Each structure stands twice: as C-alpha cells, then as structure tokens.
$ cat input-v7.cif   # mmCIF, C-alpha atoms; chains and numbers go by the auth columns
data_protein
loop_
_atom_site.group_PDB
_atom_site.id
_atom_site.type_symbol
_atom_site.label_atom_id
_atom_site.label_comp_id
_atom_site.label_asym_id
_atom_site.label_seq_id
_atom_site.Cartn_x
_atom_site.Cartn_y
_atom_site.Cartn_z
_atom_site.B_iso_or_equiv
_atom_site.auth_seq_id
_atom_site.auth_asym_id
ATOM 1 C CA MET A 1 5.561 -2.269 -10.426 0.00 1 O
ATOM 2 C CA ILE A 2 1.965 -1.062 -10.232 0.00 2 O
ATOM 3 C CA HIS A 3 -0.476 -3.373 -11.998 0.00 3 O
ATOM 4 C CA CYS A 4 -3.356 -0.988 -12.574 0.00 4 O
ATOM 5 C CA GLU A 5 -5.432 -3.663 -14.282 0.00 5 O
ATOM 6 C CA LEU A 6 -5.895 -5.549 -11.010 0.00 6 O
ATOM 7 C CA GLN A 7 -9.427 -5.432 -9.669 0.00 7 O
ATOM 8 C CA SER A 8 -9.055 -6.855 -6.177 0.00 8 O
ATOM 9 C CA VAL A 9 -7.093 -6.454 -2.995 0.00 9 O
ATOM 10 C CA ARG A 10 -5.307 -9.482 -1.603 0.00 10 O
ATOM 11 C CA THR A 11 -4.718 -10.996 1.799 0.00 11 O
ATOM 12 C CA HIS A 12 -1.955 -9.035 3.613 0.00 12 O
ATOM 13 C CA ASP A 13 -2.495 -5.802 1.665 0.00 13 O
ATOM 14 C CA LEU A 14 -2.588 -2.723 3.892 0.00 14 O
ATOM 15 C CA LEU A 15 -5.469 -0.337 3.342 0.00 15 O
ATOM 16 C CA GLU A 16 -5.460 3.314 4.309 0.00 16 O
ATOM 17 C CA ILE A 17 -9.055 3.986 5.261 0.00 17 O
ATOM 18 C CA ASP A 18 -11.518 6.599 6.436 0.00 18 O
ATOM 19 C CA ALA A 19 -11.373 5.634 10.115 0.00 19 O
ATOM 20 C CA SER A 20 -14.499 7.536 11.108 0.00 20 O
ATOM 21 C CA HIS A 21 -16.539 5.698 8.493 0.00 21 O
ATOM 22 C CA LEU A 22 -15.276 2.317 9.680 0.00 22 O
ATOM 23 C CA LEU A 23 -15.964 3.048 13.342 0.00 23 O
ATOM 24 C CA SER A 24 -19.442 4.451 12.747 0.00 24 O
ATOM 25 C CA GLY A 25 -20.634 1.473 10.743 0.00 25 O
ATOM 26 C CA HIS A 26 -19.950 -1.369 13.172 0.00 26 O
ATOM 27 C CA ALA A 27 -20.660 -2.677 16.621 0.00 27 O
ATOM 28 C CA PRO A 28 -18.669 -1.050 19.440 0.00 28 O
ATOM 29 C CA ALA A 29 -14.947 -1.670 19.039 0.00 29 O
ATOM 30 C CA PRO A 30 -12.456 -2.299 21.862 0.00 30 O
ATOM 31 C CA GLU A 31 -11.444 0.888 23.659 0.00 31 O
ATOM 32 C CA TRP A 32 -7.988 1.077 22.069 0.00 32 O
ATOM 33 C CA VAL A 33 -9.218 0.874 18.452 0.00 33 O
ATOM 34 C CA GLU A 34 -10.424 4.440 17.945 0.00 34 O
ATOM 35 C CA ASP A 35 -7.224 6.091 19.181 0.00 35 O
ATOM 36 C CA ASP A 36 -5.037 3.757 17.134 0.00 36 O
ATOM 37 C CA LEU A 37 -7.033 4.207 13.936 0.00 37 O
ATOM 38 C CA LEU A 38 -7.163 7.973 14.252 0.00 38 O
ATOM 39 C CA ARG A 39 -3.393 8.014 14.699 0.00 39 O
ATOM 40 C CA SER A 40 -2.670 5.506 11.916 0.00 40 O
ATOM 41 C CA PRO A 41 -5.742 4.783 9.759 0.00 41 O
ATOM 42 C CA PHE A 42 -4.452 1.526 8.303 0.00 42 O
ATOM 43 C CA VAL A 43 -5.976 -1.953 8.362 0.00 43 O
ATOM 44 C CA VAL A 44 -4.681 -5.229 6.948 0.00 44 O
ATOM 45 C CA VAL A 45 -6.731 -7.407 4.611 0.00 45 O
ATOM 46 C CA ARG A 46 -7.314 -10.761 6.264 0.00 46 O
ATOM 47 C CA ARG A 47 -8.387 -14.031 4.747 0.00 47 O
ATOM 48 C CA GLY A 48 -12.119 -14.521 4.627 0.00 48 O
ATOM 49 C CA LEU A 49 -15.299 -14.353 2.610 0.00 49 O
ATOM 50 C CA ALA A 50 -15.578 -10.967 0.920 0.00 50 O
ATOM 51 C CA THR A 51 -18.352 -9.206 -0.946 0.00 51 O
ATOM 52 C CA LYS A 52 -18.605 -5.961 -2.883 0.00 52 O
ATOM 53 C CA GLN A 53 -19.890 -4.392 0.327 0.00 53 O
ATOM 54 C CA ALA A 54 -17.393 -5.770 2.837 0.00 54 O
ATOM 55 C CA ILE A 55 -13.666 -6.501 2.924 0.00 55 O
ATOM 56 C CA PRO A 56 -12.472 -8.616 5.894 0.00 56 O
ATOM 57 C CA VAL A 57 -9.787 -6.607 7.659 0.00 57 O
ATOM 58 C CA GLY A 58 -7.882 -6.518 10.918 0.00 58 O
ATOM 59 C CA VAL A 59 -6.947 -3.542 13.081 0.00 59 O
ATOM 60 C CA ARG A 60 -3.551 -3.686 14.733 0.00 60 O
ATOM 61 C CA GLY A 61 -2.902 -2.078 18.110 0.00 61 O
ATOM 62 C CA ALA A 62 0.362 -1.292 19.871 0.00 62 O
ATOM 63 C CA GLN A 63 0.265 -4.449 22.015 0.00 63 O
ATOM 64 C CA ARG A 64 0.305 -8.065 20.772 0.00 64 O
ATOM 65 C CA ASN A 65 -3.093 -8.711 22.351 0.00 65 O
ATOM 66 C CA GLN A 66 -4.620 -5.715 20.583 0.00 66 O
ATOM 67 C CA ARG A 67 -6.044 -7.149 17.382 0.00 67 O
ATOM 68 C CA TRP A 68 -9.595 -6.552 16.141 0.00 68 O
ATOM 69 C CA ALA A 69 -11.195 -8.368 13.210 0.00 69 O
ATOM 70 C CA THR A 70 -13.901 -6.425 11.413 0.00 70 O
ATOM 71 C CA LEU A 71 -15.262 -5.549 7.966 0.00 71 O
ATOM 72 C CA CYS A 72 -14.527 -2.535 5.820 0.00 72 O
ATOM 73 C CA HIS A 73 -16.677 -1.160 2.994 0.00 73 O
ATOM 74 C CA PRO A 74 -14.650 -0.667 -0.223 0.00 74 O
ATOM 75 C CA LYS A 75 -15.782 2.953 -0.359 0.00 75 O
ATOM 76 C CA SER A 76 -13.895 3.576 2.908 0.00 76 O
ATOM 77 C CA VAL A 77 -10.576 2.728 1.250 0.00 77 O
ATOM 78 C CA ARG A 78 -8.376 5.700 0.374 0.00 78 O
ATOM 79 C CA ASN A 79 -5.179 3.951 -0.671 0.00 79 O
ATOM 80 C CA ILE A 80 -3.793 0.436 -1.070 0.00 80 O
ATOM 81 C CA LEU A 81 -0.295 -0.655 -0.125 0.00 81 O
ATOM 82 C CA THR A 82 0.871 -4.093 -1.224 0.00 82 O
ATOM 83 C CA PRO A 83 3.772 -5.905 0.491 0.00 83 O
ATOM 84 C CA SER A 84 5.784 -5.530 -2.721 0.00 84 O
ATOM 85 C CA GLN A 85 5.357 -1.763 -2.701 0.00 85 O
ATOM 86 C CA LEU A 86 6.689 -1.614 0.844 0.00 86 O
ATOM 87 C CA LEU A 87 10.077 -2.854 -0.374 0.00 87 O
ATOM 88 C CA THR A 88 10.667 0.656 -1.754 0.00 88 O
ATOM 89 C CA ARG A 89 10.242 2.278 1.665 0.00 89 O
ATOM 90 C CA ALA A 90 13.465 3.479 3.252 0.00 90 O
ATOM 91 C CA ILE A 91 14.458 2.030 6.627 0.00 91 O
ATOM 92 C CA PRO A 92 16.110 4.634 8.905 0.00 92 O
ATOM 93 C CA ILE A 93 19.631 3.605 9.880 0.00 93 O
ATOM 94 C CA SER A 94 18.851 4.068 13.571 0.00 94 O
ATOM 95 C CA ARG A 95 15.947 1.623 13.332 0.00 95 O
ATOM 96 C CA ALA A 96 17.924 -0.923 11.307 0.00 96 O
ATOM 97 C CA ASN A 97 20.712 -0.819 13.886 0.00 97 O
ATOM 98 C CA ALA A 98 18.272 -1.376 16.750 0.00 98 O
ATOM 99 C CA ILE A 99 15.860 -3.894 15.190 0.00 99 O
ATOM 100 C CA PRO A 100 17.115 -7.279 13.834 0.00 100 O
ATOM 101 C CA ALA A 101 13.978 -7.856 11.715 0.00 101 O
ATOM 102 C CA LEU A 102 14.563 -4.614 9.810 0.00 102 O
ATOM 103 C CA ARG A 103 18.210 -5.520 9.207 0.00 103 O
ATOM 104 C CA ALA A 104 17.059 -8.954 8.031 0.00 104 O
ATOM 105 C CA LEU A 105 14.732 -7.375 5.464 0.00 105 O
ATOM 106 C CA TYR A 106 17.581 -5.258 4.089 0.00 106 O
ATOM 107 C CA LEU A 107 19.731 -8.365 3.617 0.00 107 O
ATOM 108 C CA LEU A 108 16.913 -10.456 2.185 0.00 108 O
ATOM 109 C CA LYS A 109 16.265 -7.825 -0.488 0.00 109 O
ATOM 110 C CA GLU A 110 19.815 -8.413 -1.723 0.00 110 O
ATOM 111 C CA ARG A 111 19.530 -12.202 -1.594 0.00 111 O
ATOM 112 C CA TRP A 112 16.155 -12.298 -3.354 0.00 112 O
ATOM 113 C CA MET A 113 16.984 -9.594 -5.878 0.00 113 O
ATOM 114 C CA GLU A 114 16.497 -11.995 -8.786 0.00 114 O
ATOM 115 C CA SER A 115 13.205 -13.442 -7.547 0.00 115 O
ATOM 116 C CA VAL A 116 10.573 -13.431 -10.285 0.00 116 O
ATOM 117 C CA LEU A 117 7.725 -13.756 -7.790 0.00 117 O
ATOM 118 C CA PRO A 118 6.276 -10.641 -6.130 0.00 118 O
ATOM 119 C CA TRP A 119 7.024 -10.494 -2.423 0.00 119 O
ATOM 120 C CA GLY A 120 7.327 -8.087 0.465 0.00 120 O
ATOM 121 C CA PRO A 121 7.124 -7.656 4.232 0.00 121 O
ATOM 122 C CA GLY A 122 3.993 -8.342 6.232 0.00 122 O
ATOM 123 C CA GLY A 123 3.319 -8.319 9.968 0.00 123 O
ATOM 124 C CA SER A 124 4.856 -5.654 12.170 0.00 124 O
ATOM 125 C CA VAL A 125 7.606 -4.832 9.658 0.00 125 O
ATOM 126 C CA GLY A 126 5.104 -4.155 6.889 0.00 126 O
ATOM 127 C CA PHE A 127 2.940 -2.120 9.246 0.00 127 O
ATOM 128 C CA GLU A 128 5.875 0.059 10.340 0.00 128 O
ATOM 129 C CA LEU A 129 6.997 0.698 6.774 0.00 129 O
ATOM 130 C CA ALA A 130 3.446 1.647 5.764 0.00 130 O
ATOM 131 C CA THR A 131 2.599 3.896 8.698 0.00 131 O
ATOM 132 C CA GLY A 132 5.895 5.143 10.062 0.00 132 O
ATOM 133 C CA ARG A 133 4.917 3.936 13.540 0.00 133 O
ATOM 134 C CA HIS A 134 7.525 1.968 15.498 0.00 134 O
ATOM 135 C CA ALA A 135 5.644 -1.328 15.468 0.00 135 O
ATOM 136 C CA VAL A 136 8.626 -3.712 15.223 0.00 136 O
ATOM 137 C CA LYS A 137 10.256 -4.842 18.458 0.00 137 O
ATOM 138 C CA PRO A 138 13.808 -6.192 18.934 0.00 138 O
ATOM 139 C CA GLU A 139 12.403 -9.708 19.356 0.00 139 O
ATOM 140 C CA SER A 140 10.052 -9.534 16.344 0.00 140 O
ATOM 141 C CA ASP A 141 10.255 -12.047 13.497 0.00 141 O
ATOM 142 C CA LEU A 142 10.398 -10.912 9.885 0.00 142 O
ATOM 143 C CA ASP A 143 7.130 -11.952 8.218 0.00 143 O
ATOM 144 C CA ILE A 144 7.355 -12.234 4.443 0.00 144 O
ATOM 145 C CA VAL A 145 4.505 -12.613 1.966 0.00 145 O
ATOM 146 C CA LEU A 146 5.310 -14.323 -1.340 0.00 146 O
ATOM 147 C CA TYR A 147 2.659 -14.313 -4.072 0.00 147 O
ATOM 148 C CA ALA A 148 2.694 -17.381 -6.331 0.00 148 O
ATOM 149 C CA GLU A 149 0.001 -17.153 -8.985 0.00 149 O
ATOM 150 C CA ARG A 150 1.658 -20.006 -10.871 0.00 150 O
ATOM 151 C CA ARG A 151 2.602 -23.430 -9.560 0.00 151 O
ATOM 152 C CA MET A 152 6.068 -23.546 -8.011 0.00 152 O
ATOM 153 C CA THR A 153 8.216 -26.580 -7.315 0.00 153 O
ATOM 154 C CA ALA A 154 9.592 -27.793 -3.998 0.00 154 O
ATOM 155 C CA GLU A 155 13.068 -27.140 -5.392 0.00 155 O
ATOM 156 C CA GLU A 156 12.215 -23.496 -6.058 0.00 156 O
ATOM 157 C CA ALA A 157 10.794 -23.203 -2.562 0.00 157 O
ATOM 158 C CA LYS A 158 13.905 -24.752 -1.033 0.00 158 O
ATOM 159 C CA SER A 159 16.160 -22.341 -2.911 0.00 159 O
ATOM 160 C CA LEU A 160 14.219 -19.373 -1.524 0.00 160 O
ATOM 161 C CA CYS A 161 14.294 -20.832 1.993 0.00 161 O
ATOM 162 C CA ASP A 162 18.051 -21.439 1.807 0.00 162 O
ATOM 163 C CA ARG A 163 18.640 -17.804 0.856 0.00 163 O
ATOM 164 C CA ALA A 164 16.543 -16.668 3.818 0.00 164 O
ATOM 165 C CA MET A 165 18.682 -18.526 6.365 0.00 165 O
ATOM 166 C CA ASN A 166 21.273 -17.087 8.777 0.00 166 O
ATOM 167 C CA LEU A 167 19.689 -13.645 8.934 0.00 167 O
ATOM 168 C CA PRO A 168 19.614 -11.422 12.047 0.00 168 O
ATOM 169 C CA ALA A 169 15.976 -12.382 12.770 0.00 169 O
ATOM 170 C CA VAL A 170 13.777 -15.430 12.274 0.00 170 O
ATOM 171 C CA VAL A 171 12.093 -15.237 8.873 0.00 171 O
ATOM 172 C CA ASP A 172 8.565 -16.633 8.459 0.00 172 O
ATOM 173 C CA ILE A 173 7.604 -16.859 4.774 0.00 173 O
ATOM 174 C CA ARG A 174 3.940 -17.248 3.846 0.00 174 O
ATOM 175 C CA VAL A 175 3.069 -18.135 0.252 0.00 175 O
ATOM 176 C CA GLU A 176 -0.224 -16.858 -1.158 0.00 176 O
ATOM 177 C CA THR A 177 -1.805 -18.492 -4.205 0.00 177 O
ATOM 178 C CA PRO A 178 -5.074 -17.224 -5.728 0.00 178 O
ATOM 179 C CA ILE A 179 -6.954 -19.670 -3.469 0.00 179 O
ATOM 180 C CA CYS A 180 -4.968 -20.325 -0.285 0.00 180 O
ATOM 181 C CA GLY A 181 -1.903 -19.614 1.824 0.00 181 O
ATOM 182 C CA PHE A 182 0.778 -21.935 3.198 0.00 182 O
ATOM 183 C CA SER A 183 4.246 -22.035 4.745 0.00 183 O
ATOM 184 C CA LEU A 184 7.105 -21.917 2.245 0.00 184 O
ATOM 185 C CA LYS A 185 9.279 -23.936 4.624 0.00 185 O
ATOM 186 C CA GLU A 186 6.677 -26.692 4.893 0.00 186 O
ATOM 187 C CA PHE A 187 6.215 -26.789 1.127 0.00 187 O
ATOM 188 C CA ALA A 188 9.988 -26.891 0.570 0.00 188 O
ATOM 189 C CA GLY A 189 10.067 -30.178 2.452 0.00 189 O
ATOM 190 C CA TRP A 190 7.180 -31.440 0.331 0.00 190 O
ATOM 191 C CA SER A 191 6.443 -35.131 0.121 0.00 191 O
ATOM 192 C CA PRO A 192 3.389 -37.057 -1.083 0.00 192 O
ATOM 193 C CA ALA A 193 1.847 -36.186 2.276 0.00 193 O
ATOM 194 C CA ALA A 194 -0.553 -33.236 2.530 0.00 194 O
ATOM 195 C CA ILE A 195 0.400 -29.853 3.986 0.00 195 O
ATOM 196 C CA LEU A 196 -1.613 -27.263 5.904 0.00 196 O
ATOM 197 C CA LEU A 197 -3.368 -24.746 3.664 0.00 197 O
ATOM 198 C CA ARG A 198 -5.153 -21.625 4.898 0.00 198 O
ATOM 199 C CA VAL A 199 -8.436 -20.988 3.100 0.00 199 O
ATOM 200 C CA PRO A 200 -11.264 -18.510 3.841 0.00 200 O
ATOM 201 C CA ARG A 201 -13.092 -20.867 6.193 0.00 201 O
ATOM 202 C CA GLY A 202 -10.018 -21.999 8.132 0.00 202 O
ATOM 203 C CA ILE A 203 -7.326 -24.642 7.601 0.00 203 O
ATOM 204 C CA VAL A 204 -7.426 -27.736 5.391 0.00 204 O
ATOM 205 C CA LEU A 205 -4.963 -30.486 4.520 0.00 205 O
ATOM 206 C CA ALA A 206 -4.159 -30.953 0.843 0.00 206 O
ATOM 207 C CA LYS A 207 -1.290 -32.009 -1.400 0.00 207 O
ATOM 208 C CA ASP A 208 -1.514 -29.291 -4.044 0.00 208 O
ATOM 209 C CA PRO A 209 -1.972 -25.597 -3.100 0.00 209 O
ATOM 210 C CA TRP A 210 -2.939 -24.846 -6.708 0.00 210 O
ATOM 211 C CA GLY A 211 -5.170 -27.889 -7.211 0.00 211 O
ATOM 212 C CA ASP A 212 -8.867 -28.083 -7.941 0.00 212 O
ATOM 213 C CA GLU A 213 -9.400 -30.110 -4.765 0.00 213 O
ATOM 214 C CA ILE A 214 -9.235 -26.894 -2.710 0.00 214 O
ATOM 215 C CA GLY A 215 -12.478 -25.723 -4.274 0.00 215 O
ATOM 216 C CA SER A 216 -14.309 -28.852 -3.196 0.00 216 O
ATOM 217 C CA MET A 217 -13.016 -28.434 0.365 0.00 217 O
ATOM 218 C CA ASP A 218 -14.046 -24.797 0.644 0.00 218 O
ATOM 219 C CA PRO A 219 -16.862 -23.577 -1.636 0.00 219 O
ATOM 220 C CA ASN A 220 -16.057 -20.009 -0.604 0.00 220 O
ATOM 221 C CA TYR A 221 -12.473 -20.053 -1.845 0.00 221 O
ATOM 222 C CA ALA A 222 -13.324 -18.128 -5.010 0.00 222 O
ATOM 223 C CA ALA A 223 -14.374 -15.183 -2.837 0.00 223 O
ATOM 224 C CA ALA A 224 -11.078 -15.048 -0.963 0.00 224 O
ATOM 225 C CA ARG A 225 -10.115 -11.856 -2.780 0.00 225 O
ATOM 226 C CA SER A 226 -11.942 -8.709 -1.734 0.00 226 O
ATOM 227 C CA VAL A 227 -13.417 -7.023 -4.769 0.00 227 O
ATOM 228 C CA LEU A 228 -13.126 -3.291 -5.306 0.00 228 O
ATOM 229 C CA PRO A 229 -14.776 -1.532 -8.241 0.00 229 O
ATOM 230 C CA THR A 230 -12.262 -1.478 -11.095 0.00 230 O
ATOM 231 C CA GLY A 231 -12.086 2.289 -11.313 0.00 231 O
ATOM 232 C CA ASP A 232 -11.567 2.713 -7.587 0.00 232 O
ATOM 233 C CA TYR A 233 -8.763 0.150 -7.461 0.00 233 O
ATOM 234 C CA GLY A 234 -6.873 1.697 -10.346 0.00 234 O
ATOM 235 C CA ARG A 235 -7.291 5.177 -8.879 0.00 235 O
ATOM 236 C CA LEU A 236 -6.015 4.118 -5.455 0.00 236 O
ATOM 237 C CA LEU A 237 -2.980 2.332 -6.881 0.00 237 O
ATOM 238 C CA LYS A 238 -2.131 5.335 -9.085 0.00 238 O
ATOM 239 C CA ASN A 239 -2.384 7.625 -6.048 0.00 239 O
ATOM 240 C CA GLU A 240 0.053 5.429 -4.145 0.00 240 O
ATOM 241 C CA CYS A 241 2.424 5.308 -7.117 0.00 241 O
ATOM 242 C CA ARG A 242 2.502 9.119 -7.238 0.00 242 O
ATOM 243 C CA ARG A 243 3.101 9.285 -3.486 0.00 243 O
ATOM 244 C CA MET A 244 5.994 6.788 -3.673 0.00 244 O
ATOM 245 C CA CYS A 245 7.667 8.637 -6.557 0.00 245 O
ATOM 246 C CA LYS A 246 7.733 12.049 -4.881 0.00 246 O
#
$ encode --input "input-v7.cif" --output "structure tokens"
Amino acid sequence: MIHCELQSVRTHDLLEIDASHLLSGHAPAPEWVEDDLLRSPFVVVRRGLATKQAIPVGVRGAQRNQRWATLCHPKSVRNILTPSQLLTRAIPISRANAIPALRALYLLKERWMESVLPWGPGGSVGFELATGRHAVKPESDLDIVLYAERRMTAEEAKSLCDRAMNLPAVVDIRVETPICGFSLKEFAGWSPAAILLRVPRGIVLAKDPWGDEIGSMDPNYAAARSVLPTGDYGRLLKNECRRMCK
C-alpha cells in the first residue's frame, strides 16, 4: 500500500537519485563509487541526523568493503522504494534456486502473510530487488526490516521470530520504531534488563524502544527521519506506484 500522506523517508528506504548531482556536490568519493552509481543510481537511507537540505545515505558497491556514507539533497531524489514495496518484486526462478536468501524471502512471505506490521527486505536482497543487480551471494543472510510504529509485546516478537526459523538462510530482523532500531530476536527474549537500541548518534541501552527515555539519551532522535517536501514525497511515491503496476 502506498501511503501518499507520508512526508518523510525512513531508515532502510532505497532512493533512486540523480547520481551526477550527488557526486558533484561532495568531497571526492572512493574510486569505485562513480561507476557503481552510474550503473545503479540507488542509495540507502541510513540512520543519522537529517535536515531539509541533507539526507544521510549510504552507497553500496559490489564488494563488502565498498560502502560509502554521504549526504544527499532531497532534490536529488527521483523515486523512493520502501522495503515493503520490494515484496511485490518478482524473484527469477534461476536466482531463487541459486541463492538461499532469496528462497528464504519467498518462504517468509508465506509465513508472515497475516502480519499487520509493514515489513520487507533490506541489505543485499533489498538492493537486488530494487536495482536488478545480482548483489546477493550464496552465503548472504536475509536482512528484514520491520516497522513498528506502535508498541509491540515480547510475545508478538517471539511469534514472528518463531515463524522465521528453519529457513534456507539466516534471517536477521531489525525493528524500526519512529525513534530507534533494535533486534527483534533480542527483544523477543526481553527481560527487565535493557537492550541495545540504535539511535542517530550511535547505540544506547534502554528498556523501552518506544519510551520517552530515548529522547533524553539522544536529543537528535526527533530528526532521525529525513524530511522531504510533502509534494515531492507524494509525487515520488505515486511515480513508483505507477511503475510497479505496469
């Protein structure tokens, strides 16, 4: 479902960008960046302090050591792909047969069919589905992003974890709340002890991923979502909806 009223991109969204604009507006990038962006002009939104002039993004290269963190102006964004939208992308049979993580995603879609929380693939699987490039390797894990705007219980988390077990690839599920990210598996084993939460400035320990205490730990948490002008965001999402429905 496309929520055209949304006004911000979220951590793990993939942005199709004007690569030449990004490269011309920053300090010299690693040698591999230009070729990779010109071939696949997609960047992933990373966690960090954002403004109306700069979205924190990462560029992904072909090798594991090829990652470049930079900033992207909202006006450089042509289209937005959320992890949930990527669930509609077809996986070629030849790729599913060769790559355990892609087979795992196919099976997880069946097991999580009744999930009320928006979710989708991140990492190399999400990147391959967005760009068409063969980014997933036979040994790759399946990274999943689960968006939990509302408070969820440890029992709900455990149920989701149980249904993600015994798949062809290791599944790493990251939950994103409006203010932080955390491991679903760690939360499913919740106790009165604190868990690791990822916030814009780094990692903190806290008991409640939805609690007010996060704000006191990281004054920048409210800026964790990269703001796009309302009209631009709606336009980009509508463009992607049309593209997906062709």
$ closest_residue --input "input-v7.cif" --among "O:Asp18, O:Asp36, O:Asp208, O:Glu149" --to "Thr131 (chain O)" --atoms "all atoms listed in the file"
O:Asp36
$ closest_residue --input "input-v7.cif" --among "O:Lys207, O:Arg95, O:Arg47, O:His134" --to "Ala62 (chain O)" --atoms "only C-alpha atoms"
O:His134
$ resolve_selection --input "input-v7.cif" --expression "the PyMOL selection byres ((chain O and resi 180) around 8)" --output "list in words"
Glu176, Thr177, Pro178, Ile179, Gly181, Phe182, Leu197, Arg198, Val199, Pro200, Pro209 and Tyr221 of chain O
$ closest_residue --input "input-v7.cif" --among "O:Trp210, O:Tyr106, O:Trp119, O:Phe127" --to "Arg174 (chain O)" --atoms "all atoms listed in the file"
O:Trp119
$ resolve_selection --input "input-v7.cif" --expression "the PyMOL selection byres ((chain O and resi 154) around 10)" --output "list in words"
Arg151, Met152, Thr153, Glu155, Glu156, Ala157, Lys158, Ser159, Leu160, Leu184, Lys185, Glu186, Phe187, Ala188, Gly189, Trp190 and Ser191 of chain O
$ write_last_selection --input "input-v7.cif" --atoms "C-alpha atoms" --output "compact mmCIF listing (two decimals), keeping the file's coordinate frame"
# COMPACT_ATOMS: atom_id res chain seq x y z
CA ARG O 151 2.60 -23.43 -9.56
CA MET O 152 6.07 -23.55 -8.01
CA THR O 153 8.22 -26.58 -7.32
CA GLU O 155 13.07 -27.14 -5.39
CA GLU O 156 12.22 -23.50 -6.06
CA ALA O 157 10.79 -23.20 -2.56
CA LYS O 158 13.90 -24.75 -1.03
CA SER O 159 16.16 -22.34 -2.91
CA LEU O 160 14.22 -19.37 -1.52
CA LEU O 184 7.10 -21.92 2.24
CA LYS O 185 9.28 -23.94 4.62
CA GLU O 186 6.68 -26.69 4.89
CA PHE O 187 6.22 -26.79 1.13
CA ALA O 188 9.99 -26.89 0.57
CA GLY O 189 10.07 -30.18 2.45
CA TRP O 190 7.18 -31.44 0.33
CA SER O 191 6.44 -35.13 0.12
$ atom_distance --input "input-v7.cif" --atom1 "CA of Gly48 (chain O)" --atom2 "CA of Leu23 (chain O)"
20.0 Å
$ residues_around --input "input-v7.cif" --residues "region 137-148 of chain O" --least-positions-apart "2" --cutoff "9 Å" --atoms "only C-alpha atoms" --output "PyMOL selection string"
chain O and resi 12+83-84+98-102+104-105+117-126+134-135+150-152+169-178+184
$ closest_residue --input "input-v7.cif" --among "O:Ala130, O:Val136, O:Leu107, O:Ile214" --to "Leu167 (chain O)" --atoms "only C-alpha atoms"
O:Leu107
$ closest_residue --input "input-v7.cif" --among "O:Arg46, O:Arg60, O:Lys75, O:Lys52" --to "His21 (chain O)" --atoms "only C-alpha atoms"
O:Lys75
$ residues_around --input "input-v7.cif" --residues "region 39-42 of chain O" --least-positions-apart "2" --cutoff "6 Å" --atoms "all atoms listed in the file" --output "VMD selection string"
chain O and resid 15 to 17 19 36 to 37
$ residues_around --input "input-v7.cif" --residues "Thr82 (chain O)" --least-positions-apart "2" --cutoff "7 Å" --atoms "all atoms listed in the file" --output "mmCIF file with C-alpha atoms, keeping the file's coordinate frame"
data_model
loop_
_atom_site.group_PDB
_atom_site.id
_atom_site.type_symbol
_atom_site.label_atom_id
_atom_site.label_comp_id
_atom_site.auth_asym_id
_atom_site.auth_seq_id
_atom_site.Cartn_x
_atom_site.Cartn_y
_atom_site.Cartn_z
ATOM 1 C CA ASP O 13 -2.495 -5.802 1.665
ATOM 2 C CA LEU O 14 -2.588 -2.723 3.892
ATOM 3 C CA ILE O 80 -3.793 0.436 -1.070
ATOM 4 C CA SER O 84 5.784 -5.530 -2.721
ATOM 5 C CA GLN O 85 5.357 -1.763 -2.701
ATOM 6 C CA LEU O 86 6.689 -1.614 0.844
#
$ axis_aligned_box --input "input-v7.cif" --around "region 78-82 of chain O" --padding-each-side "8 Å" --output "lines of an AutoDock Vina configuration file"
center_x = -3.8
center_y = 0.8
center_z = -0.4
size_x = 25.2
size_y = 25.8
size_z = 17.6
$ closest_residue --input "input-v7.cif" --among "O:Ile203, O:Gly61, O:Ser76, O:Leu81" --to "Arg133 (chain O)" --atoms "only C-alpha atoms"
O:Gly61
$ atom_distance --input "input-v7.cif" --atom1 "CA of Val44 (chain O)" --atom2 "CA of Gly202 (chain O)"
17.6 Å
$ atom_distance --input "input-v7.cif" --atom1 "CA of Ala90 (chain O)" --atom2 "CA of Trp32 (chain O)"
28.6 Å
